[in-house]
file work-v1.csv (CSV, C-alpha atoms)
chain,number,residue,atom,x,y,z
S,1,MET,CA,80.6,85.9,116.0
S,2,ARG,CA,81.7,83.0,113.8
S,3,ASP,CA,78.9,80.7,112.6
S,4,LEU,CA,79.8,77.3,114.1
S,5,VAL,CA,77.8,74.2,113.4
S,6,GLU,CA,77.9,71.0,115.4
S,7,ILE,CA,79.2,68.1,113.3
S,8,GLY,CA,79.1,65.5,116.1
S,9,MET,CA,79.2,65.2,119.9
S,10,GLY,CA,81.7,67.7,121.2
S,11,ARG,CA,82.9,68.8,117.8
S,12,THR,CA,82.0,71.9,115.9
S,13,ALA,CA,83.2,73.4,112.6
S,14,ARG,CA,83.0,76.8,111.1
S,15,GLN,CA,80.5,77.3,108.3
S,16,ALA,CA,82.3,78.6,105.2
S,17,PHE,CA,81.2,79.8,101.8
S,18,ASP,CA,82.5,79.3,98.2
S,19,LEU,CA,82.1,81.9,95.5
S,20,ASP,CA,79.1,80.0,94.2
S,21,ASP,CA,77.4,80.6,97.5
S,22,VAL,CA,77.5,84.4,97.5
S,23,GLU,CA,75.9,87.0,95.2
S,24,ILE,CA,76.7,90.7,94.7
S,25,VAL,CA,74.0,93.2,95.7
S,26,PRO,CA,73.3,96.2,93.5
S,27,SER,CA,73.5,99.6,95.1
S,28,ARG,CA,71.3,102.7,94.6
S,29,ARG,CA,73.3,104.0,91.7
S,30,THR,CA,74.7,102.7,88.4
S,31,ARG,CA,77.3,104.2,86.1
S,32,SER,CA,78.7,103.8,82.6
S,33,SER,CA,81.3,101.0,82.3
S,34,LYS,CA,83.4,103.4,80.3
S,35,VAL,CA,84.3,105.4,83.4
S,36,VAL,CA,85.2,102.2,85.5
S,37,SER,CA,88.9,101.5,86.2
S,38,THR,CA,90.2,98.0,86.7
S,39,ALA,CA,93.7,99.2,87.3
S,40,TRP,CA,95.8,98.1,90.4
S,41,GLN,CA,99.4,98.5,91.5
S,42,ILE,CA,101.8,96.3,93.5
S,43,ASP,CA,104.9,98.1,94.6
S,44,ALA,CA,106.1,100.3,91.6
S,45,TYR,CA,104.3,98.1,89.0
S,46,ARG,CA,100.9,99.1,87.7
S,47,PHE,CA,98.6,96.9,85.8
S,48,GLY,CA,95.4,97.6,83.8
S,49,LEU,CA,93.8,94.3,84.8
S,50,PRO,CA,93.6,92.7,88.2
S,51,MET,CA,94.9,89.5,86.7
S,52,VAL,CA,97.9,87.4,87.6
S,53,THR,CA,98.3,84.0,85.9
S,54,HIS,CA,98.6,80.8,87.8
S,55,PRO,CA,102.2,79.8,87.1
S,56,THR,CA,101.7,76.8,85.0
S,57,ASP,CA,103.3,75.8,81.7
S,58,ALA,CA,99.8,75.0,80.4
S,59,ILE,CA,99.0,78.7,80.0
S,60,VAL,CA,102.3,80.7,80.4
S,61,SER,CA,105.1,80.6,77.9
S,62,PRO,CA,107.5,83.5,77.4
S,63,ALA,CA,105.4,84.6,74.4
S,64,ASN,CA,102.2,84.3,76.4
S,65,ALA,CA,103.7,86.2,79.3
S,66,ILE,CA,104.5,89.0,76.9
S,67,ALA,CA,101.0,89.0,75.4
S,68,ILE,CA,99.4,89.0,78.8
S,69,GLY,CA,101.6,91.9,79.9
S,70,LYS,CA,100.8,94.0,76.9
S,71,LEU,CA,97.1,93.4,77.5
S,72,GLY,CA,97.4,94.7,81.1
S,73,GLY,CA,97.9,91.6,83.2
S,74,LEU,CA,100.9,89.9,84.8
S,75,GLY,CA,102.1,86.5,83.4
S,76,VAL,CA,104.1,84.4,85.9
S,77,LEU,CA,106.7,82.0,84.5
S,78,ASN,CA,107.2,78.8,86.5
S,79,ALA,CA,110.9,78.8,87.2
S,80,GLU,CA,110.7,75.1,88.0
S,81,GLY,CA,108.7,74.1,85.0
S,82,LEU,CA,109.4,73.0,81.5
S,83,TRP,CA,111.0,76.2,80.3
S,84,ALA,CA,113.6,75.8,83.1
S,85,ARG,CA,114.3,72.1,82.2
S,86,HIS,CA,114.1,71.6,78.4
S,87,SER,CA,115.7,73.5,75.5
S,88,ASN,CA,112.9,72.4,73.2
S,89,VAL,CA,109.7,72.9,75.2
S,90,ASP,CA,107.4,72.5,72.1
S,91,GLU,CA,108.7,69.0,71.8
S,92,ALA,CA,108.2,68.3,75.5
S,93,LEU,CA,104.6,69.6,75.4
S,94,GLY,CA,104.1,67.6,72.2
S,95,ARG,CA,104.7,64.5,74.2
S,96,VAL,CA,102.0,65.4,76.6
S,97,LEU,CA,99.6,66.2,73.8
S,98,ARG,CA,100.3,62.8,72.1
S,99,VAL,CA,99.6,61.0,75.3
S,100,ALA,CA,96.3,63.0,75.7
S,101,GLU,CA,95.2,62.0,72.2
S,102,ASN,CA,95.7,58.3,72.9
S,103,LEU,CA,94.7,58.4,76.5
S,104,GLU,CA,93.9,55.1,78.1
S,105,GLU,CA,94.1,56.1,81.7
S,106,PRO,CA,94.3,59.6,83.3
S,107,SER,CA,97.3,58.8,85.4
S,108,SER,CA,99.4,58.2,82.2
S,109,LEU,CA,99.3,62.0,81.5
S,110,VAL,CA,100.5,62.8,85.0
S,111,ARG,CA,103.3,60.2,84.6
S,112,GLU,CA,104.4,61.9,81.4
S,113,LEU,CA,104.5,65.2,83.1
S,114,GLN,CA,106.5,63.8,86.1
S,115,GLU,CA,109.0,62.3,83.7
S,116,LEU,CA,109.5,65.6,81.9
S,117,HIS,CA,110.0,67.4,85.3
S,118,ALA,CA,112.6,64.8,86.3
S,119,ALA,CA,115.0,66.6,84.0
S,120,PRO,CA,117.4,68.8,85.9
S,121,LEU,CA,116.8,72.5,86.3
S,122,ARG,CA,119.1,74.6,84.1
S,123,SER,CA,119.5,78.2,85.1
S,124,GLU,CA,120.6,79.3,81.6
S,125,LEU,CA,117.2,78.1,80.2
S,126,ILE,CA,115.0,80.0,82.6
S,127,ALA,CA,117.3,83.0,82.3
S,128,GLU,CA,116.8,83.0,78.5
S,129,ALA,CA,113.0,82.9,79.0
S,130,ILE,CA,113.1,85.8,81.5
S,131,LYS,CA,115.3,87.8,79.1
S,132,THR,CA,112.8,87.3,76.3
S,133,VAL,CA,110.0,88.7,78.4
S,134,ARG,CA,112.0,91.6,79.8
S,135,ASP,CA,113.2,92.6,76.3
S,136,ALA,CA,109.6,92.9,75.3
S,137,GLY,CA,109.1,95.7,77.9
S,138,VAL,CA,106.6,94.0,80.2
S,139,THR,CA,106.9,93.3,83.9
S,140,VAL,CA,108.7,90.0,84.5
S,141,ALA,CA,107.5,87.6,87.2
S,142,ALA,CA,108.6,84.1,88.1
S,143,ARG,CA,107.4,81.5,90.6
S,144,VAL,CA,109.6,79.3,92.8
S,145,SER,CA,108.5,76.8,95.4
S,146,PRO,CA,109.4,77.4,99.1
S,147,GLN,CA,111.7,74.4,99.0
S,148,HIS,CA,113.9,75.9,96.2
S,149,ALA,CA,113.4,79.6,96.8
S,150,ALA,CA,116.8,80.2,98.4
S,151,GLU,CA,118.6,78.2,95.8
S,152,LEU,CA,117.0,79.6,92.7
S,153,THR,CA,116.3,83.2,93.5
S,154,PRO,CA,119.8,84.6,93.0
S,155,ASP,CA,119.9,83.4,89.4
S,156,LEU,CA,116.3,84.7,88.8
S,157,LEU,CA,117.2,88.1,90.0
S,158,ALA,CA,120.4,88.2,87.9
S,159,ALA,CA,118.3,87.3,84.9
S,160,GLY,CA,116.0,90.3,85.5
S,161,VAL,CA,112.9,89.1,87.5
S,162,GLU,CA,111.0,92.1,88.8
S,163,ILE,CA,108.4,90.3,90.9
S,164,LEU,CA,109.1,87.0,92.7
S,165,VAL,CA,106.3,84.6,93.5
S,166,VAL,CA,107.0,82.0,96.3
S,167,GLN,CA,104.1,79.6,95.9
S,168,GLY,CA,103.3,76.2,97.2
S,169,THR,CA,100.2,74.3,98.0
S,170,ILE,CA,100.3,75.5,101.6
S,171,VAL,CA,102.9,78.1,102.7
S,172,SER,CA,103.8,79.2,106.2
S,173,ALA,CA,106.1,82.0,107.4
S,174,GLU,CA,108.9,79.4,108.1
S,175,HIS,CA,109.4,76.3,105.9
S,176,VAL,CA,111.0,73.5,107.9
S,177,SER,CA,113.0,70.8,105.9
S,178,GLN,CA,114.0,67.3,106.9
S,179,ASP,CA,117.3,67.8,105.2
S,180,ASP,CA,120.5,69.3,106.7
S,181,GLU,CA,119.7,72.6,105.0
S,182,PRO,CA,118.4,75.4,107.3
S,183,PRO,CA,114.7,76.1,107.0
S,184,LEU,CA,113.5,78.9,104.8
S,185,ASN,CA,112.6,81.9,107.0
S,186,LEU,CA,110.5,84.1,104.8
S,187,LYS,CA,111.0,87.2,106.8
S,188,ASP,CA,114.8,87.0,106.5
S,189,PHE,CA,114.6,85.9,102.9
S,190,ILE,CA,112.3,88.8,101.8
S,191,ALA,CA,114.3,91.4,103.8
S,192,GLU,CA,117.4,90.6,101.7
S,193,LEU,CA,115.6,91.2,98.4
S,194,ASP,CA,115.1,94.4,96.4
S,195,VAL,CA,112.1,93.1,94.5
S,196,PRO,CA,108.5,92.7,95.7
S,197,VAL,CA,107.7,89.2,96.8
S,198,VAL,CA,104.3,87.5,96.6
S,199,VAL,CA,103.8,84.4,98.8
S,200,GLY,CA,101.1,81.8,99.3
S,201,GLY,CA,98.8,79.9,99.3
S,202,VAL,CA,97.0,80.4,102.5
S,203,SER,CA,93.4,79.9,103.5
S,204,ASP,CA,92.9,81.5,106.9
S,205,TYR,CA,93.3,84.8,108.7
S,206,ARG,CA,96.2,83.8,111.0
S,207,THR,CA,98.5,82.5,108.3
S,208,ALA,CA,97.7,85.4,106.1
S,209,MET,CA,98.7,87.8,108.9
S,210,HIS,CA,101.9,85.9,109.5
S,211,LEU,CA,102.9,86.1,105.9
S,212,MET,CA,102.1,89.8,105.8
S,213,ARG,CA,104.4,90.3,108.7
S,214,THR,CA,107.3,88.7,106.7
S,215,GLY,CA,107.3,91.8,104.5
S,216,ALA,CA,105.5,90.2,101.6
S,217,ALA,CA,104.0,92.6,99.0
S,218,GLY,CA,101.2,90.2,98.3
S,219,VAL,CA,99.6,87.1,99.7
S,220,ILE,CA,98.0,84.3,97.6
S,221,VAL,CA,94.8,82.9,98.9
S,222,GLY,CA,93.9,79.4,97.8
S,223,HIS,CA,95.7,76.7,96.0
S,224,GLY,CA,94.5,77.0,92.4
S,225,TYR,CA,91.4,74.9,92.9
S,226,THR,CA,89.6,74.1,89.7
S,227,ALA,CA,86.8,71.5,89.6
S,228,GLY,CA,88.0,68.4,87.8
S,229,VAL,CA,91.7,69.5,87.8
S,230,THR,CA,92.9,70.2,91.3
S,231,SER,CA,92.7,67.4,93.9
S,232,THR,CA,94.4,68.9,97.0
S,233,ASP,CA,91.2,68.3,99.0
S,234,ARG,CA,91.1,64.6,97.8
S,235,VAL,CA,94.8,64.0,98.4
S,236,LEU,CA,95.5,66.0,101.5
S,237,GLY,CA,92.0,66.7,102.8
S,238,ILE,CA,92.8,70.4,103.0
S,239,GLY,CA,90.7,73.2,101.7
S,240,VAL,CA,88.7,76.3,102.6
S,241,PRO,CA,85.9,77.6,100.4
S,242,MET,CA,87.2,80.6,98.5
S,243,ALA,CA,84.7,83.3,99.5
S,244,THR,CA,85.4,82.8,103.2
S,245,ALA,CA,89.2,82.4,102.6
S,246,ILE,CA,89.4,85.7,100.6
S,247,ILE,CA,87.3,87.6,103.2
S,248,ASP,CA,89.5,86.3,106.0
S,249,ALA,CA,92.7,87.3,104.2
S,250,ALA,CA,91.2,90.8,103.5
S,251,ALA,CA,90.4,91.1,107.2
S,252,ALA,CA,94.1,90.3,107.9
S,253,ARG,CA,95.1,92.9,105.4
S,254,ARG,CA,93.0,95.5,107.1
S,255,ASP,CA,94.3,94.7,110.6
S,256,TYR,CA,97.9,94.6,109.3
S,257,LEU,CA,97.3,98.0,107.7
S,258,ASP,CA,96.3,99.3,111.2
S,259,GLU,CA,99.1,97.5,112.9
S,260,THR,CA,101.8,99.0,110.7
S,261,GLY,CA,100.3,102.5,110.3
S,262,GLY,CA,99.7,102.2,106.6
S,263,ARG,CA,101.5,99.2,105.0
S,264,TYR,CA,99.2,97.7,102.4
S,265,VAL,CA,99.6,94.0,101.4
S,266,HIS,CA,97.7,92.8,98.3
S,267,VAL,CA,95.5,89.8,98.3
S,268,LEU,CA,95.5,87.6,95.2
S,269,ALA,CA,92.7,85.0,94.9
S,270,ASP,CA,93.9,81.7,93.4
S,271,GLY,CA,91.2,79.2,92.7
S,272,GLY,CA,87.4,78.9,92.4
S,273,VAL,CA,87.1,81.2,89.4
S,274,THR,CA,85.8,79.6,86.2
S,275,CYS,CA,83.7,82.4,84.8
S,276,SER,CA,83.4,86.2,84.9
S,277,GLY,CA,80.8,86.2,87.6
S,278,GLU,CA,83.1,84.4,90.0
S,279,LEU,CA,85.9,86.7,89.0
S,280,ALA,CA,83.7,89.7,90.0
S,281,LYS,CA,82.7,87.9,93.3
S,282,ALA,CA,86.4,87.3,94.2
S,283,ILE,CA,87.1,91.1,93.9
S,284,ALA,CA,83.9,91.9,95.8
S,285,CYS,CA,85.0,89.6,98.6
S,286,GLY,CA,88.2,91.6,99.0
S,287,ALA,CA,90.8,90.4,96.5
S,288,ASP,CA,93.0,93.0,94.8
S,289,ALA,CA,93.6,90.7,91.8
S,290,VAL,CA,92.7,87.2,90.7
S,291,MET,CA,95.2,84.4,89.8
S,292,LEU,CA,93.6,82.9,86.7
S,293,GLY,CA,94.4,79.4,85.5
S,294,ALA,CA,91.9,77.2,83.8
S,295,PRO,CA,89.9,80.0,82.1
S,296,LEU,CA,93.0,81.0,80.2
S,297,ALA,CA,93.4,77.5,78.7
S,298,ALA,CA,90.7,78.5,76.2
S,299,ALA,CA,93.1,80.9,74.5
S,300,SER,CA,94.0,79.6,71.1
S,301,ASP,CA,97.7,80.3,71.7
S,302,ALA,CA,97.9,78.7,75.2
S,303,PRO,CA,100.9,76.3,75.3
S,304,GLY,CA,98.8,73.5,76.6
S,305,LYS,CA,96.6,73.6,73.5
S,306,GLY,CA,93.4,73.3,75.5
S,307,LEU,CA,94.8,71.2,78.3
S,308,TYR,CA,95.2,72.6,81.8
S,309,TRP,CA,97.1,71.5,84.9
S,310,THR,CA,98.7,73.2,87.9
S,311,SER,CA,102.3,73.0,88.9
S,312,ALA,CA,101.3,70.4,91.6
S,313,ALA,CA,100.6,67.9,88.8
S,314,ALA,CA,104.3,67.1,88.4
S,315,HIS,CA,105.1,66.4,92.0
S,316,PRO,CA,107.3,63.3,91.9
S,317,SER,CA,105.6,61.3,94.7
S,318,LEU,CA,102.2,63.0,95.5
S,319,PRO,CA,100.7,64.9,92.5
S,320,ARG,CA,97.7,67.1,93.4
S,321,SER,CA,96.4,68.1,90.0
S,322,ARG,CA,95.1,66.3,87.0
S,323,ILE,CA,95.7,67.2,83.4
S,324,ALA,CA,92.3,68.0,82.1
S,325,ALA,CA,90.6,69.8,79.2
S,326,GLY,CA,90.0,73.5,79.7
S,327,PRO,CA,86.8,75.4,78.7
S,328,ASP,CA,85.2,73.9,75.6
S,329,ILE,CA,85.7,77.1,73.5
S,330,GLU,CA,88.6,78.5,71.6
S,331,VAL,CA,89.3,82.2,71.1
S,332,ASP,CA,92.3,84.4,71.0
S,333,LEU,CA,93.6,85.8,74.2
S,334,GLU,CA,92.4,89.4,73.7
S,335,THR,CA,88.9,88.3,72.9
S,336,LEU,CA,88.9,86.0,75.9
S,337,LEU,CA,89.8,88.9,78.2
S,338,PHE,CA,87.9,91.8,76.5
S,339,GLY,CA,85.3,90.3,74.1
S,340,PRO,CA,83.3,90.6,72.0
S,341,SER,CA,81.5,87.4,73.1
S,342,SER,CA,78.7,85.3,71.9
S,343,ASP,CA,79.1,82.9,74.9
S,344,PRO,CA,76.3,83.3,77.5
S,345,ASP,CA,78.1,81.5,80.3
S,346,GLY,CA,80.7,84.0,81.3
S,347,VAL,CA,83.8,82.3,79.9
S,348,VAL,CA,84.6,85.0,77.3
S,349,ASN,CA,85.1,88.7,77.8
S,350,LEU,CA,86.1,88.1,81.4
S,351,PHE,CA,87.2,91.7,82.2
S,352,GLY,CA,84.5,93.4,80.1
S,353,ALA,CA,82.1,91.5,82.4
S,354,LEU,CA,84.0,92.7,85.5
S,355,ARG,CA,83.7,96.3,84.3
S,356,ARG,CA,80.0,95.8,83.7
S,357,ALA,CA,79.5,94.3,87.2
S,358,MET,CA,81.3,97.3,88.8
S,359,ALA,CA,79.3,99.8,86.7
S,360,LYS,CA,75.9,98.1,87.4
S,361,THR,CA,76.6,98.4,91.1
S,362,GLY,CA,77.8,101.9,91.0
S,363,TYR,CA,81.5,101.5,91.7
S,364,SER,CA,84.3,103.2,89.8
S,365,ASP,CA,87.4,101.3,90.9
S,366,LEU,CA,88.5,98.1,92.5
S,367,LYS,CA,89.0,99.4,96.0
S,368,GLU,CA,85.4,100.8,96.0
S,369,PHE,CA,84.1,97.5,94.6
S,370,GLN,CA,85.5,95.6,97.5
S,371,LYS,CA,82.9,97.3,99.7
S,372,VAL,CA,79.9,96.1,97.6
S,373,GLY,CA,77.1,94.4,99.5
S,374,LEU,CA,77.0,90.6,99.4
S,375,THR,CA,74.3,88.0,100.1
S,376,VAL,CA,74.5,84.3,100.8
S,377,ARG,CA,72.2,81.9,99.0
S,378,GLY,CA,69.7,80.1,101.3
call {"tool": "encode", "arguments": {"input": "work-v1.csv", "output": "structure tokens"}}
result
Amino acid sequence: MRDLVEIGMGRTARQAFDLDDVEIVPSRRTRSSKVVSTAWQIDAYRFGLPMVTHPTDAIVSPANAIAIGKLGGLGVLNAEGLWARHSNVDEALGRVLRVAENLEEPSSLVRELQELHAAPLRSELIAEAIKTVRDAGVTVAARVSPQHAAELTPDLLAAGVEILVVQGTIVSAEHVSQDDEPPLNLKDFIAELDVPVVVGGVSDYRTAMHLMRTGAAGVIVGHGYTAGVTSTDRVLGIGVPMATAIIDAAAARRDYLDETGGRYVHVLADGGVTCSGELAKAIACGADAVMLGAPLAAASDAPGKGLYWTSAAAHPSLPRSRIAAGPDIEVDLETLLFGPSSDPDGVVNLFGALRRAMAKTGYSDLKEFQKVGLTVRG
């Protein structure tokens, strides 16, 4: 029975929980973290870490995508970002950094990013970035918005994309446009592709189930929420606390598995993770992998040089993300993911901490850890 609370005469709302509101419960056994596996697999692609990057230019360049892939994660290039619009991205990012150094008002940073994204998309530029990643021998993933998926996907596939991410703030099974163009029907769109497609974001059981029925290999839960950066709730008034959203999507995954007789769709949690403890809680709530954004801005070689924003920051008329400073710490990417760490707040050694959480509760792999007990703070 859903826990409904009365918010006024004749109106109730469902009580929902964020990752901060839940805690992982130890079990009756523990094990060594050396025998814990954090590996997962989507379609034919296997990864050592349950980590997919949020597709933002702030943390993912072709070089960073290669580094992330070699460390066991999946870096997702933004096929509508700066690497698809500018031949000299370092110069474009330099403009953003110069505005940040002489910042008079926060909106000036967003205006700079909007101006940079007003440059036309150039298929040869994103093809070059994709080729760079593919030639390095790591899995190539790229993100497109639902509005431009049909237009851009053929060029992305020709360039060598192996996993396609169709991501917007809110995604449904059928995108309806005001233009004369026919709407994007995800079921038909995915059926015509030979690569796995990950779609999202969603925040509820019903929409997650609808997206699973399109044939998607993975569903993104959330919209990249990070405190102080993402403002979808302030701009649109839309949002569901992440713990509840992940658990609902995991329930849809289970029911869809029964409905299809065994087809498993992966759940990727995008948002609400700022430290290793929240990363562990996202997996414990049922996520197969976590889409990391702001925590990776602390890496010394991140393109944003300590700044972070989501792709929604550059929307030409309704930006839903600020450009803000990432974690106030600077380490190389490998240390950020695996340690060692002298930081006591869980922002370094993110996946070493996940392994320790799994070991301390007695679970040997991610699927087992999704069954760990949870409590809610009073």
call {"tool": "closest_atom_pairs", "arguments": {"input": "work-v1.csv", "of": "region 214-260 of chain S", "to": "region 285-289 of chain S", "cutoff": "7 Å", "atoms": "all atoms listed in the file", "output": "tab-separated table"}}
result
residue	atom	partner	partner_atom	distance
S:Ala243	CA	S:Cys285	CA	6.4
S:Ile246	CA	S:Cys285	CA	6.2
S:Ile247	CA	S:Cys285	CA	5.5
S:Ala250	CA	S:Gly286	CA	5.5
call {"tool": "residues_around", "arguments": {"input": "work-v1.csv", "residues": "Gly69 (chain S)", "least_positions_apart": "3", "cutoff": "9 Å", "atoms": "all atoms listed in the file", "output": "mmCIF file with C-alpha atoms, keeping the file's coordinate frame"}}
result
data_model
loop_
_atom_site.group_PDB
_atom_site.id
_atom_site.type_symbol
_atom_site.label_atom_id
_atom_site.label_comp_id
_atom_site.auth_asym_id
_atom_site.auth_seq_id
_atom_site.Cartn_x
_atom_site.Cartn_y
_atom_site.Cartn_z
ATOM 1 C CA PHE S 47 98.600 96.900 85.800
ATOM 2 C CA ASN S 64 102.200 84.300 76.400
ATOM 3 C CA ALA S 65 103.700 86.200 79.300
ATOM 4 C CA ILE S 66 104.500 89.000 76.900
ATOM 5 C CA GLY S 72 97.400 94.700 81.100
ATOM 6 C CA GLY S 73 97.900 91.600 83.200
ATOM 7 C CA LEU S 74 100.900 89.900 84.800
ATOM 8 C CA GLY S 75 102.100 86.500 83.400
ATOM 9 C CA GLY S 137 109.100 95.700 77.900
ATOM 10 C CA VAL S 138 106.600 94.000 80.200
ATOM 11 C CA THR S 139 106.900 93.300 83.900
ATOM 12 C CA VAL S 140 108.700 90.000 84.500
#
call {"tool": "closest_residue", "arguments": {"input": "work-v1.csv", "among": "S:Ala325, S:Val265, S:Ala159, S:Val133", "to": "Ala252 (chain S)", "atoms": "all atoms listed in the file"}}
result
S:Val265
call {"tool": "closest_residue", "arguments": {"input": "work-v1.csv", "among": "S:Ala313, S:Val89, S:Leu77, S:Ile24", "to": "Gly373 (chain S)", "atoms": "all atoms listed in the file"}}
result
S:Ile24
call {"tool": "closest_residue", "arguments": {"input": "work-v1.csv", "among": "S:Ala298, S:Val165, S:Leu121, S:Met212", "to": "Tyr264 (chain S)", "atoms": "all atoms listed in the file"}}
result
S:Met212
call {"tool": "residues_around", "arguments": {"input": "work-v1.csv", "residues": "Leu19 (chain S)", "least_positions_apart": "6", "cutoff": "8 Å", "atoms": "all atoms listed in the file", "output": "list of chain:residue names"}}
result
S:Pro241, S:Met242, S:Ala243, S:Gly272, S:Val273, S:Glu278, S:Lys281, S:Ala282
call {"tool": "closest_residue", "arguments": {"input": "work-v1.csv", "among": "S:Asp343, S:Asp301, S:Asp270, S:Asp365", "to": "Thr53 (chain S)", "atoms": "only C-alpha atoms"}}
result
S:Asp270
call {"tool": "residues_around", "arguments": {"input": "work-v1.csv", "residues": "Ile163 (chain S)", "least_positions_apart": "3", "cutoff": "6 Å", "atoms": "all atoms listed in the file", "output": "mmCIF file with C-alpha atoms, in the coordinates of the input"}}
result
data_model
loop_
_atom_site.group_PDB
_atom_site.id
_atom_site.type_symbol
_atom_site.label_atom_id
_atom_site.label_comp_id
_atom_site.auth_asym_id
_atom_site.auth_seq_id
_atom_site.Cartn_x
_atom_site.Cartn_y
_atom_site.Cartn_z
ATOM 1 C CA ALA S 141 107.500 87.600 87.200
ATOM 2 C CA VAL S 195 112.100 93.100 94.500
ATOM 3 C CA PRO S 196 108.500 92.700 95.700
#
call {"tool": "closest_residue", "arguments": {"input": "work-v1.csv", "among": "S:Thr375, S:Gln15, S:Thr38, S:Ser32", "to": "Phe351 (chain S)", "atoms": "all atoms listed in the file"}}
result
S:Thr38
call {"tool": "atom_distance", "arguments": {"input": "work-v1.csv", "atom1": "CA of Pro154 (chain S)", "atom2": "CA of Ala142 (chain S)"}}
result
12.2 Å
call {"tool": "residues_near_point", "arguments": {"input": "work-v1.csv", "point": "(84.9, 78.1, 106.3)", "cutoff": "7 Å", "atoms": "only C-alpha atoms", "output": "MDAnalysis selection string"}}
result
chainID S and resid 14:17 240:241 244
call {"tool": "build_atoms", "arguments": {"input": "work-v1.csv", "residues": "region 69-85 of chain S", "atoms": "N, CA and C atoms", "output": "PDB file, in the coordinates of the input"}}
result
ATOM      1  N   GLY S  69     101.121  90.613  79.427  1.00  0.00           N
ATOM      2  CA  GLY S  69     101.600  91.900  79.900  1.00  0.00           C
ATOM      3  C   GLY S  69     101.176  93.059  79.074  1.00  0.00           C
ATOM      4  N   LYS S  70     101.187  92.893  77.772  1.00  0.00           N
ATOM      5  CA  LYS S  70     100.800  94.000  76.900  1.00  0.00           C
ATOM      6  C   LYS S  70      99.279  94.253  76.951  1.00  0.00           C
ATOM      7  N   LEU S  71      98.511  93.249  77.387  1.00  0.00           N
ATOM      8  CA  LEU S  71      97.100  93.400  77.500  1.00  0.00           C
ATOM      9  C   LEU S  71      96.694  93.958  78.925  1.00  0.00           C
ATOM     10  N   GLY S  72      97.684  94.109  79.814  1.00  0.00           N
ATOM     11  CA  GLY S  72      97.400  94.700  81.100  1.00  0.00           C
ATOM     12  C   GLY S  72      97.527  93.819  82.300  1.00  0.00           C
ATOM     13  N   GLY S  73      97.811  92.516  82.095  1.00  0.00           N
ATOM     14  CA  GLY S  73      97.900  91.600  83.200  1.00  0.00           C
ATOM     15  C   GLY S  73      99.369  91.258  83.526  1.00  0.00           C
ATOM     16  N   LEU S  74      99.563  90.286  84.408  1.00  0.00           N
ATOM     17  CA  LEU S  74     100.900  89.900  84.800  1.00  0.00           C
ATOM     18  C   LEU S  74     101.012  88.345  84.574  1.00  0.00           C
ATOM     19  N   GLY S  75     101.849  87.940  83.632  1.00  0.00           N
ATOM     20  CA  GLY S  75     102.100  86.500  83.400  1.00  0.00           C
ATOM     21  C   GLY S  75     103.251  86.047  84.254  1.00  0.00           C
ATOM     22  N   VAL S  76     103.061  84.939  84.953  1.00  0.00           N
ATOM     23  CA  VAL S  76     104.100  84.400  85.900  1.00  0.00           C
ATOM     24  C   VAL S  76     104.665  83.128  85.311  1.00  0.00           C
ATOM     25  N   LEU S  77     105.950  83.156  84.992  1.00  0.00           N
ATOM     26  CA  LEU S  77     106.700  82.000  84.500  1.00  0.00           C
ATOM     27  C   LEU S  77     106.930  81.022  85.685  1.00  0.00           C
ATOM     28  N   ASN S  78     106.834  79.732  85.444  1.00  0.00           N
ATOM     29  CA  ASN S  78     107.200  78.800  86.500  1.00  0.00           C
ATOM     30  C   ASN S  78     108.679  78.449  86.347  1.00  0.00           C
ATOM     31  N   ALA S  79     109.464  78.949  87.296  1.00  0.00           N
ATOM     32  CA  ALA S  79     110.900  78.800  87.200  1.00  0.00           C
ATOM     33  C   ALA S  79     111.369  77.382  87.554  1.00  0.00           C
ATOM     34  N   GLU S  80     110.428  76.484  87.845  1.00  0.00           N
ATOM     35  CA  GLU S  80     110.700  75.100  88.000  1.00  0.00           C
ATOM     36  C   GLU S  80     109.997  74.203  87.037  1.00  0.00           C
ATOM     37  N   GLY S  81     109.481  74.836  85.988  1.00  0.00           N
ATOM     38  CA  GLY S  81     108.700  74.100  85.000  1.00  0.00           C
ATOM     39  C   GLY S  81     109.497  73.727  83.783  1.00  0.00           C
ATOM     40  N   LEU S  82     108.790  73.507  82.691  1.00  0.00           N
ATOM     41  CA  LEU S  82     109.400  73.000  81.500  1.00  0.00           C
ATOM     42  C   LEU S  82     110.396  73.951  80.858  1.00  0.00           C
ATOM     43  N   TRP S  83     110.098  75.255  80.926  1.00  0.00           N
ATOM     44  CA  TRP S  83     111.000  76.200  80.300  1.00  0.00           C
ATOM     45  C   TRP S  83     112.318  76.335  81.079  1.00  0.00           C
ATOM     46  N   ALA S  84     112.377  75.771  82.285  1.00  0.00           N
ATOM     47  CA  ALA S  84     113.600  75.800  83.100  1.00  0.00           C
ATOM     48  C   ALA S  84     114.342  74.424  82.949  1.00  0.00           C
ATOM     49  N   ARG S  85     113.757  73.462  82.205  1.00  0.00           N
ATOM     50  CA  ARG S  85     114.300  72.100  82.200  1.00  0.00           C
ATOM     51  C   ARG S  85     114.626  71.601  80.749  1.00  0.00           C
TER      52      ARG S  85
END
